[in-house]
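One file, work_4.txt, is given below (compact mmCIF, C-alpha atoms).
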# COMPACT_ATOMS: atom_id res chain seq x y z
CA MET C 1 14.57 -39.80 23.84
CA LYS C 2 16.27 -38.76 27.10
CA PHE C 3 19.65 -38.69 25.33
CA LEU C 4 18.52 -36.25 22.62
CA PRO C 5 19.69 -33.12 24.52
CA LEU C 6 23.13 -34.73 24.89
CA ILE C 7 23.29 -35.51 21.18
CA TRP C 8 22.09 -32.01 20.28
CA LYS C 9 24.76 -30.35 22.42
CA SER C 10 27.45 -32.58 20.94
CA ILE C 11 26.39 -31.65 17.40
CA TRP C 12 26.64 -27.92 18.07
CA ARG C 13 29.84 -28.11 20.11
CA ARG C 14 31.67 -26.60 17.12
CA LYS C 15 28.98 -24.51 15.43
CA ILE C 16 30.99 -23.31 12.42
CA ARG C 17 32.21 -26.79 11.60
CA THR C 18 28.71 -28.25 11.91
CA ILE C 19 27.17 -25.51 9.75
CA PHE C 20 29.68 -26.05 6.94
CA THR C 21 29.21 -29.81 7.13
CA LEU C 22 25.43 -29.37 6.92
CA LEU C 23 25.85 -27.00 3.95
CA SER C 24 28.01 -29.58 2.14
CA ILE C 25 25.39 -32.27 2.64
CA PHE C 26 22.62 -29.82 1.70
CA VAL C 27 24.26 -28.95 -1.63
CA ALA C 28 24.99 -32.62 -2.37
CA PHE C 29 21.36 -33.68 -1.95
CA LEU C 30 20.04 -30.61 -3.75
CA LEU C 31 22.20 -31.73 -6.66
CA PHE C 32 20.94 -35.29 -6.17
CA GLY C 33 17.33 -34.17 -6.53
CA ILE C 34 17.94 -32.02 -9.61
CA LEU C 35 20.03 -34.64 -11.41
CA MET C 36 17.50 -37.39 -10.66
CA THR C 37 14.81 -35.14 -12.13
CA ILE C 38 16.83 -34.64 -15.31
CA ARG C 39 17.59 -38.36 -15.47
CA ALA C 40 13.90 -39.15 -15.12
CA ALA C 41 13.07 -36.69 -17.90
CA PHE C 42 15.27 -38.58 -20.35
CA SER C 43 14.49 -42.11 -19.17
CA LEU C 44 10.77 -41.81 -18.46
CA GLY C 45 9.82 -42.87 -21.97
CA VAL C 46 11.72 -46.11 -21.39
CA GLU C 47 9.93 -46.78 -18.11
CA LEU C 48 6.49 -46.02 -19.55
CA ALA C 49 7.00 -48.09 -22.70
CA GLY C 50 4.15 -50.53 -23.20
CA VAL C 51 4.91 -54.20 -22.60
CA ASP C 52 2.31 -55.15 -25.22
CA ARG C 53 3.77 -52.98 -27.99
CA LEU C 54 6.42 -53.98 -30.54
CA VAL C 55 8.23 -51.56 -32.82
CA VAL C 56 9.24 -52.55 -36.35
CA ILE C 57 12.01 -50.48 -37.96
CA HIS C 58 14.25 -50.82 -41.00
CA LYS C 59 17.02 -53.35 -40.44
CA VAL C 60 19.74 -50.92 -41.54
CA SER C 61 18.76 -47.86 -39.50
CA LEU C 62 15.86 -46.09 -37.87
CA ILE C 63 16.17 -43.26 -40.40
CA MET C 64 15.48 -45.64 -43.29
CA PRO C 65 11.74 -45.71 -44.19
CA LEU C 66 9.49 -48.73 -44.65
CA PRO C 67 6.71 -49.28 -47.21
CA VAL C 68 3.19 -48.52 -46.00
CA SER C 69 2.13 -51.82 -47.58
CA TYR C 70 3.68 -53.71 -44.65
CA GLN C 71 0.86 -52.56 -42.39
CA GLY C 72 -1.73 -54.94 -43.79
CA ARG C 73 0.51 -57.98 -43.35
CA LEU C 74 1.42 -57.00 -39.82
CA ALA C 75 -2.20 -56.34 -38.82
CA THR C 76 -3.40 -59.76 -40.07
CA THR C 77 -0.72 -61.75 -38.26
CA PRO C 78 -2.22 -64.02 -35.54
CA GLY C 79 -1.62 -62.54 -32.11
CA VAL C 80 -1.71 -58.93 -33.33
CA THR C 81 -4.43 -56.64 -32.00
CA LEU C 82 -3.62 -53.53 -34.01
CA ALA C 83 -0.84 -52.20 -36.23
CA THR C 84 -0.20 -48.54 -36.98
CA HIS C 85 2.76 -46.41 -37.95
CA ALA C 86 4.51 -43.11 -37.25
CA SER C 87 6.92 -40.97 -39.26
CA TRP C 88 9.45 -38.46 -37.98
CA PHE C 89 8.97 -35.02 -39.53
CA GLY C 90 11.94 -33.08 -38.16
CA GLY C 91 10.70 -29.58 -38.98
CA ILE C 92 11.71 -26.22 -37.53
CA TYR C 93 9.30 -23.84 -35.79
CA GLN C 94 10.57 -20.24 -35.99
CA ASP C 95 14.08 -21.13 -34.81
CA PRO C 96 16.21 -24.32 -34.89
CA GLN C 97 16.56 -24.05 -31.10
CA ASN C 98 12.79 -24.53 -30.70
CA PHE C 99 13.15 -28.30 -30.89
CA PHE C 100 10.17 -30.60 -30.25
CA ALA C 101 9.12 -33.95 -31.66
CA GLN C 102 6.79 -33.80 -34.67
CA MET C 103 5.31 -37.05 -35.95
CA ALA C 104 2.89 -37.96 -38.70
CA VAL C 105 0.45 -40.61 -37.46
CA GLU C 106 -2.91 -42.21 -38.19
CA PRO C 107 -5.19 -40.47 -35.66
CA ALA C 108 -7.63 -43.24 -34.71
CA PRO C 109 -5.27 -46.26 -34.62
CA TYR C 110 -2.47 -44.32 -32.96
CA LEU C 111 -4.62 -43.15 -30.06
CA LYS C 112 -5.99 -46.67 -29.64
CA VAL C 113 -2.46 -48.00 -29.28
CA TYR C 114 -1.36 -45.13 -27.01
CA LYS C 115 -4.26 -44.78 -24.62
CA GLU C 116 -2.11 -42.68 -22.28
CA PHE C 117 -2.64 -39.74 -24.64
CA ARG C 118 -6.04 -38.28 -23.78
CA VAL C 119 -7.82 -35.87 -26.13
CA PRO C 120 -11.28 -34.36 -25.41
CA PRO C 121 -13.93 -35.93 -27.74
CA ASP C 122 -14.80 -32.65 -29.48
CA GLN C 123 -11.14 -31.91 -30.19
CA TYR C 124 -10.60 -35.45 -31.45
CA LYS C 125 -13.51 -35.05 -33.88
CA ALA C 126 -12.08 -31.74 -35.05
CA TRP C 127 -8.76 -33.49 -35.75
CA LEU C 128 -10.46 -36.17 -37.82
CA ALA C 129 -12.32 -33.52 -39.82
CA ASP C 130 -9.28 -31.37 -40.64
CA ARG C 131 -6.60 -32.65 -43.03
CA GLN C 132 -4.13 -30.07 -41.69
CA GLY C 133 -5.15 -30.67 -38.09
CA ALA C 134 -2.70 -31.52 -35.33
CA ILE C 135 -2.85 -32.29 -31.62
CA VAL C 136 -0.16 -30.98 -29.28
CA GLY C 137 0.88 -31.83 -25.74
CA ARG C 138 -0.22 -29.59 -22.91
CA GLU C 139 3.37 -28.63 -22.04
CA LEU C 140 4.21 -27.86 -25.66
CA ALA C 141 1.13 -25.65 -26.03
CA LYS C 142 2.08 -23.84 -22.83
CA ARG C 143 5.65 -23.39 -24.03
CA PHE C 144 4.65 -21.52 -27.20
CA GLY C 145 1.33 -20.10 -26.04
CA TRP C 146 -0.66 -22.11 -28.57
CA LYS C 147 -4.42 -22.49 -28.31
CA ILE C 148 -7.13 -24.36 -30.21
CA GLY C 149 -7.52 -22.97 -33.72
CA ASP C 150 -4.03 -21.50 -34.03
CA ARG C 151 -2.31 -21.92 -37.39
CA ILE C 152 1.25 -23.18 -37.01
CA PRO C 153 3.87 -22.84 -39.78
CA ILE C 154 6.70 -25.39 -39.64
CA GLN C 155 9.62 -25.44 -42.01
CA GLY C 156 10.24 -28.88 -43.46
CA THR C 157 13.82 -30.18 -43.36
CA ILE C 158 13.25 -33.79 -44.42
CA TRP C 159 9.92 -33.65 -46.23
CA ARG C 160 9.19 -30.68 -48.46
CA PRO C 161 5.76 -29.81 -49.85
CA LYS C 162 5.15 -30.23 -53.56
CA SER C 163 2.97 -27.14 -53.78
CA GLY C 164 5.96 -25.00 -54.69
CA ALA C 165 5.36 -22.72 -51.71
CA GLY C 166 8.87 -23.11 -50.31
CA ASP C 167 9.57 -25.43 -47.38
CA THR C 168 6.73 -24.33 -45.10
CA TRP C 169 3.97 -26.66 -43.95
CA LEU C 170 0.88 -25.23 -42.28
CA PHE C 171 -0.97 -26.98 -39.46
CA ASN C 172 -4.06 -26.15 -37.42
CA VAL C 173 -4.13 -26.88 -33.68
CA SER C 174 -7.21 -29.12 -33.45
CA GLY C 175 -6.63 -30.36 -29.91
CA ILE C 176 -4.42 -30.37 -26.84
CA TYR C 177 -3.76 -33.74 -25.24
CA ASP C 178 -3.09 -34.55 -21.60
CA GLY C 179 -2.04 -37.69 -19.77
CA ASP C 180 -1.19 -39.26 -16.43
CA PRO C 181 1.85 -37.97 -14.49
CA GLY C 182 4.97 -38.87 -16.43
CA THR C 183 3.31 -38.88 -19.86
CA ASP C 184 5.27 -36.96 -22.48
CA LEU C 185 3.26 -33.81 -23.12
CA THR C 186 5.73 -32.19 -25.52
CA ASN C 187 4.83 -33.94 -28.80
CA PHE C 188 3.24 -32.57 -31.97
CA PHE C 189 1.11 -35.17 -33.79
CA PHE C 190 -0.36 -34.48 -37.22
CA ARG C 191 -2.08 -36.59 -39.87
CA TYR C 192 -0.06 -38.96 -42.03
CA ASP C 193 -2.44 -38.60 -44.97
CA TYR C 194 -1.71 -34.86 -45.11
CA LEU C 195 2.03 -35.57 -45.22
CA ASP C 196 1.79 -38.39 -47.75
CA GLU C 197 -0.43 -36.52 -50.19
CA ASN C 198 1.55 -33.29 -50.13
CA ARG C 199 5.22 -34.22 -49.92
CA SER C 200 7.33 -33.91 -53.05
CA ARG C 201 8.92 -37.35 -52.65
CA GLY C 202 8.63 -40.49 -50.55
CA ALA C 203 4.93 -41.23 -51.09
CA GLY C 204 3.88 -44.52 -49.54
CA LEU C 205 6.71 -44.62 -46.99
CA VAL C 206 6.51 -44.56 -43.19
CA GLY C 207 9.11 -44.25 -40.45
CA TRP C 208 8.30 -47.25 -38.24
CA TYR C 209 5.42 -49.49 -37.19
CA ILE C 210 3.93 -49.90 -33.75
CA VAL C 211 2.24 -53.26 -33.27
CA LYS C 212 -0.03 -53.96 -30.31
CA ILE C 213 -0.08 -57.65 -29.42
CA ASP C 214 -2.45 -59.84 -27.41
CA ASP C 215 0.13 -61.54 -25.19
CA PRO C 216 3.36 -59.77 -24.12
CA ALA C 217 4.88 -63.18 -23.39
CA GLN C 218 4.83 -63.85 -27.14
CA SER C 219 6.74 -60.69 -28.04
CA ALA C 220 9.98 -62.50 -28.91
CA VAL C 221 8.18 -65.06 -31.06
CA LEU C 222 6.19 -62.41 -32.93
CA ALA C 223 9.29 -60.23 -33.39
CA ARG C 224 11.06 -63.09 -35.15
CA LYS C 225 7.97 -63.79 -37.21
CA PHE C 226 7.73 -60.20 -38.43
CA ASP C 227 11.38 -60.09 -39.43
CA GLU C 228 11.14 -63.42 -41.23
CA MET C 229 8.05 -62.12 -43.03
CA PHE C 230 10.06 -59.34 -44.68
CA ALA C 231 13.40 -61.14 -45.02
CA ASN C 232 15.11 -60.81 -48.42
CA SER C 233 12.86 -57.88 -49.35
CA ASP C 234 14.05 -54.42 -50.39
CA ALA C 235 13.28 -53.19 -46.87
CA GLU C 236 14.16 -55.85 -44.30
CA THR C 237 13.05 -55.17 -40.77
CA LYS C 238 14.28 -55.31 -37.21
CA THR C 239 11.63 -55.76 -34.54
CA THR C 240 12.11 -55.02 -30.87
CA THR C 241 10.03 -54.23 -27.83
CA GLU C 242 8.99 -50.62 -27.41
CA LYS C 243 11.29 -50.37 -24.40
CA GLY C 244 14.26 -51.46 -26.49
CA PHE C 245 13.29 -49.02 -29.23
CA VAL C 246 13.00 -46.05 -26.85
CA GLU C 247 16.30 -46.96 -25.16
CA SER C 248 18.15 -47.06 -28.49
CA PHE C 249 16.54 -43.76 -29.51
CA ALA C 250 17.52 -42.10 -26.22
CA LYS C 251 21.11 -43.35 -26.44
CA GLN C 252 21.60 -41.36 -29.61
CA ILE C 253 22.22 -38.36 -27.33
CA GLY C 254 24.27 -40.40 -24.84
CA ASP C 255 23.63 -42.55 -21.80
CA ILE C 256 22.21 -39.77 -19.62
CA GLY C 257 21.44 -42.09 -16.72
CA THR C 258 24.99 -43.39 -16.42
CA ILE C 259 26.44 -39.88 -16.62
CA MET C 260 24.13 -38.65 -13.85
CA ILE C 261 24.88 -41.61 -11.59
CA ALA C 262 28.64 -41.17 -12.09
CA ILE C 263 28.47 -37.49 -11.12
CA LEU C 264 26.37 -38.22 -8.04
CA ALA C 265 28.61 -41.08 -6.94
CA ALA C 266 31.63 -38.80 -7.00
CA VAL C 267 29.84 -36.01 -5.13
CA LEU C 268 28.32 -38.26 -2.47
CA PHE C 269 31.60 -40.11 -1.87
CA THR C 270 33.33 -36.77 -1.31
CA ILE C 271 30.64 -35.67 1.13
CA LEU C 272 30.93 -39.02 2.93
CA LEU C 273 34.62 -38.30 3.54
CA ILE C 274 33.79 -34.80 4.81
CA VAL C 275 31.16 -36.07 7.26
CA GLY C 276 33.46 -38.89 8.37
CA ASN C 277 36.25 -36.42 9.08
CA THR C 278 33.86 -34.18 11.02
CA MET C 279 32.74 -37.06 13.21
CA ALA C 280 36.29 -38.26 13.80
CA GLN C 281 37.35 -34.79 14.95
CA SER C 282 34.28 -34.48 17.14
CA VAL C 283 34.95 -37.77 18.90
CA ARG C 284 38.66 -37.01 19.40
CA GLU C 285 37.77 -33.69 21.02
CA ARG C 286 35.44 -35.43 23.45
CA THR C 287 37.70 -38.26 24.59
CA SER C 288 37.53 -37.24 28.25
CA GLU C 289 33.75 -36.80 28.05
CA MET C 290 33.41 -40.33 26.67
CA ALA C 291 35.47 -41.59 29.60
CA VAL C 292 33.25 -39.73 32.06
CA LEU C 293 30.10 -41.19 30.42
CA LYS C 294 31.54 -44.68 30.78
CA THR C 295 32.44 -43.93 34.40
CA LEU C 296 28.80 -42.94 34.99
CA GLY C 297 27.64 -46.30 33.71
CA PHE C 298 27.15 -45.85 29.97
CA SER C 299 27.78 -49.15 28.25
CA ASN C 300 29.92 -49.63 25.18
CA GLY C 301 26.73 -50.15 23.15
CA ALA C 302 25.27 -46.87 24.42
CA ILE C 303 28.42 -44.95 23.45
CA LEU C 304 28.36 -46.57 20.00
CA ALA C 305 24.70 -45.64 19.55
CA LEU C 306 25.22 -42.02 20.66
CA VAL C 307 27.96 -41.40 18.08
CA LEU C 308 26.05 -43.17 15.28
CA VAL C 309 22.84 -41.26 16.00
CA GLU C 310 24.79 -37.98 16.02
CA SER C 311 26.33 -38.80 12.63
CA MET C 312 23.03 -39.93 11.12
CA PHE C 313 21.24 -36.86 12.47
CA ILE C 314 23.69 -34.53 10.69
CA ALA C 315 23.41 -36.50 7.43
CA VAL C 316 19.61 -36.67 7.53
CA LEU C 317 19.14 -33.02 8.52
CA GLY C 318 21.36 -31.65 5.74
CA GLY C 319 20.12 -34.18 3.21
CA ALA C 320 16.44 -33.63 3.97
CA LEU C 321 16.82 -29.86 3.56
CA GLY C 322 18.61 -30.28 0.22
CA LEU C 323 16.26 -32.91 -1.17
CA GLY C 324 13.26 -30.94 0.11
CA LEU C 325 14.40 -27.81 -1.71
CA ALA C 326 14.97 -29.83 -4.90
CA TRP C 327 11.41 -31.17 -4.63
CA LEU C 328 10.02 -27.65 -4.18
CA LEU C 329 11.96 -26.41 -7.21
CA VAL C 330 10.60 -29.27 -9.32
CA GLN C 331 7.06 -28.51 -8.16
CA GLY C 332 7.57 -24.99 -9.46
CA GLY C 333 7.51 -26.30 -13.03
CA ASP C 334 9.86 -27.04 -15.89
CA PRO C 335 12.39 -24.17 -16.26
CA THR C 336 12.97 -25.21 -19.89
CA HIS C 337 9.29 -24.48 -20.62
CA GLY C 338 8.51 -27.84 -22.15
CA MET C 339 11.82 -28.77 -23.80
CA LEU C 340 12.10 -31.79 -21.50
CA PRO C 341 9.63 -34.68 -22.07
CA ALA C 342 8.71 -34.62 -18.38
CA PHE C 343 9.83 -32.73 -15.27
CA LEU C 344 9.25 -34.56 -12.02
CA LEU C 345 11.18 -36.09 -9.16
CA PRO C 346 10.05 -39.74 -8.96
CA THR C 347 8.95 -41.08 -5.57
CA ARG C 348 11.41 -43.95 -5.83
CA ASP C 349 14.29 -41.46 -6.20
CA ILE C 350 13.11 -39.57 -3.11
CA ALA C 351 13.08 -42.87 -1.21
CA ALA C 352 16.53 -43.68 -2.60
CA GLY C 353 17.77 -40.28 -1.43
CA ILE C 354 16.52 -40.91 2.11
CA GLY C 355 18.23 -44.29 2.06
CA VAL C 356 21.51 -42.69 0.94
CA MET C 357 21.27 -40.14 3.78
CA LEU C 358 20.89 -42.89 6.38
CA LEU C 359 23.69 -44.96 4.83
CA MET C 360 25.98 -41.94 4.66
CA GLY C 361 25.38 -41.16 8.33
CA LEU C 362 25.98 -44.77 9.29
CA LEU C 363 29.20 -45.13 7.29
CA ALA C 364 30.57 -41.74 8.34
CA GLY C 365 30.00 -42.46 12.01
CA ALA C 366 30.98 -46.13 12.02
CA MET C 367 34.75 -45.82 12.60
CA PRO C 368 34.55 -42.96 15.16
CA ALA C 369 31.76 -44.80 16.96
CA VAL C 370 33.74 -48.06 17.15
CA ALA C 371 36.79 -46.13 18.39
CA ALA C 372 34.69 -44.46 21.10
CA MET C 373 33.17 -47.79 22.10
CA ARG C 374 36.60 -49.42 22.50
CA LEU C 375 37.99 -46.49 24.45
CA ARG C 376 39.31 -47.48 27.87
CA ILE C 377 38.56 -45.09 30.71
CA THR C 378 42.11 -45.04 32.06
CA ASP C 379 43.64 -44.42 28.63
CA ALA C 380 41.17 -41.62 27.90
CA LEU C 381 41.82 -39.83 31.19
CA ARG C 382 45.59 -40.22 30.82
CA ARG C 383 45.48 -38.29 27.50
CA GLN C 384 44.14 -35.18 29.22
Take the structure in this file and express it as C-alpha cells.
Amino acid sequence: MKFLPLIWKSIWRRKIRTIFTLLSIFVAFLLFGILMTIRAAFSLGVELAGVDRLVVIHKVSLIMPLPVSYQGRLATTPGVTLATHASWFGGIYQDPQNFFAQMAVEPAPYLKVYKEFRVPPDQYKAWLADRQGAIVGRELAKRFGWKIGDRIPIQGTIWRPKSGAGDTWLFNVSGIYDGDPGTDLTNFFFRYDYLDENRSRGAGLVGWYIVKIDDPAQSAVLARKFDEMFANSDAETKTTTEKGFVESFAKQIGDIGTIMIAILAAVLFTILLIVGNTMAQSVRERTSEMAVLKTLGFSNGAILALVLVESMFIAVLGGALGLGLAWLLVQGGDPTHGMLPAFLLPTRDIAAGIGVMLLMGLLAGAMPAVAAMRLRITDALRRQ
C-alpha cells in the first residue's frame, strides 16, 4: 500500500497520454459488454434448452411438416413422459419489419413441457376457453402495447384462412406470460386447433414434435428409436436434442457468437498493443528514476512489481469504466423494444471481462517490467 502514491504519480506523469490510453481501453470494454449482450440474446435459447427434451423434425428440412398422427406413437414409447408439437405460423403484424415468433401449440401439453413459461391461472383458463385465444411474452406485449382482451390481426403468409376473408387471422390476447431471467419473452403462442380447423390446406400437419423424456442419458437411444419408427414412411424424421435443434435454427441467420468473438479479439488485441506501447514509453522515460530506486534498495522483484501493477491499474481502471457503462446501458432495457429474445449481460461474461482486463494489464506490462528489472544502475545513469 505504501507504494501506491509512487504508482499513481507514475501513471499521471504524462496526463494526455494516459487519458487517451484509458479512453481506448474504455471504448474497447464498452464494446465488449454490448457485443456480449447481443451474443447472449442470440445464444440464450441454446443455453436454456432442456436436457430432457428431444425435438423431432422432418428428415429433409425443418420447413417440411409432419403428420399429427405421429404424436400418439411418440407418446406411448417407453421412456417418454409427454409428447406435444408446435407449428411455425410466420404471419405479419401491421408491417413486415414487426417480426416476432408466432407458433401454434397445444396449450396444456406445451406448458407442461416448457415450465419456464409462467401464465397466471385465470389467464390460462381464459386461453383454454377461447379458440382464438393467444398468450404473448411480457416483452412482446410491452413492445406493441398489447393488453389482456386486445384483438390482434395477423396476416398469414404460410397458412391462409378458408373463410374467404383474405389472409387475415384474428387472435385475442388471453394472457401474458413471464419467466425467469433469460427466458424468451417475445413469443406469440396460439392454439393449434384454431389453426388446423380454419386453414385452407395442410389439415392434420404439424411443424415439429417436442418429446419430454424420463432420462436424459437415454436421449441418443430414444432419438434413434424415433427415427427408426418412421423410417421408410412418407415423412421420415430426424431427431435431435433441443440444444442441437435451437443451434441449427439460430445458425440460419449466421454464427453470431463466432462473429462477435472475432470482432472482440481484433479490438482487444489492438488495445493490448496500445497499452504495451504506452508502458514501454513510460518505462524508457523513467530509466534514471529506476536506477535511483535500485540505488535506494529496491530489489529487482520490487521494480518488476511496480511496473506490472501500474500496467494492470490502467487496464482495470479503463476496462471497469467501460464494462460498467455497458452494464448500466443494458439495465436500461432493450433498445429494440422486444425484437431480441433477451437483453442481458450474463454474469459469466462480466467475470470474463474482468479476467481479460487483468490479463491485458499483465501482458502489456510484462516486457517493460522485465526490461526495468534487468536494468543495471551504471548503464541507466550513463544514458542520462
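The list of residues within 8 Å of (17.2, -60.4, -40.9), counted using all atoms listed in the file, is Lys59, Asp227, Glu228, Ala231, Asn232, Glu236, Thr237 and Lys238 of chain C.
The smallest atom-to-atom distance between Ile154 (chain C) and any of C:Met229, C:Ile92, C:Leu111, C:Val211, using only C-alpha atoms, is found for C:Ile92.
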Which polymer residues have any atom within 7 Å of an atom of Ile213 (chain C), counting only C-alpha atoms, with same-chain residues fewer than 3 positions away left out, as an mmCIF file with C-alpha atoms, in the coordinates of the input?
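As a result, part_22.cif now contains:
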data_model
loop_
_atom_site.group_PDB
_atom_site.id
_atom_site.type_symbol
_atom_site.label_atom_id
_atom_site.label_comp_id
_atom_site.auth_asym_id
_atom_site.auth_seq_id
_atom_site.Cartn_x
_atom_site.Cartn_y
_atom_site.Cartn_z
ATOM 1 C CA ASP C 52 2.310 -55.150 -25.220
ATOM 2 C CA ARG C 53 3.770 -52.980 -27.990
ATOM 3 C CA GLY C 79 -1.620 -62.540 -32.110
ATOM 4 C CA VAL C 80 -1.710 -58.930 -33.330
ATOM 5 C CA THR C 81 -4.430 -56.640 -32.000
ATOM 6 C CA PRO C 216 3.360 -59.770 -24.120
#
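Compared by their closest atoms to Met312 (chain C), and using all atoms listed in the file, the residues C:Ile16, C:Met64, C:Met367, C:Leu359 rank with C:Leu359 nearest.
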Suppose you want the space between CA of Thr295 (chain C) and CA of Ala315 (chain C); what is it in Å?
-> 29.4 Å
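Proximity to Gly156 (chain C) at 6 Å, evaluated using all atoms listed in the file and with sequence-adjacent residues fewer than 2 positions away removed, yields Gly91, Ile158, Trp159, Arg160, Asp167 and Thr168 of chain C.
Between CA of Pro67 (chain C) and CA of Val105 (chain C) the interatomic distance comes to 14.5 Å.
Within 9 Å of Leu23 (chain C), once all atoms listed in the file are used and residues closer than 5 positions along the same chain are dropped, the contacting residues are Thr18, Ala28, Gly318 and Gly322 of chain C.
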Write out the residues from the selection above, keeping C-alpha atoms, as a compact mmCIF listing (two decimals), in the coordinates of the input.
# COMPACT_ATOMS: atom_id res chain seq x y z
CA THR C 18 28.71 -28.25 11.91
CA ALA C 28 24.99 -32.62 -2.37
CA GLY C 318 21.36 -31.65 5.74
CA GLY C 322 18.61 -30.28 0.22
Would you be able to write out as a VMD selection string which residues have an atom within 10 Å of (19.6, -37.6, -9.0) in the file's coordinates, counting only C-alpha atoms?
-> chain C and resid 28 to 40 257 260 to 261 263 to 265 323 326 345 to 346 349 to 350 352 to 353
Residue with smallest distance to Leu62 (chain C) - pool C:Ala235, C:Ala75, C:Gly207, C:Met279, counting all atoms listed in the file | C:Gly207
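Of the listed residues (C:Val119, C:Leu54, C:Ala83, C:Ile148), C:Ala83 comes nearest to Glu106 (chain C); the distances count all atoms listed in the file.
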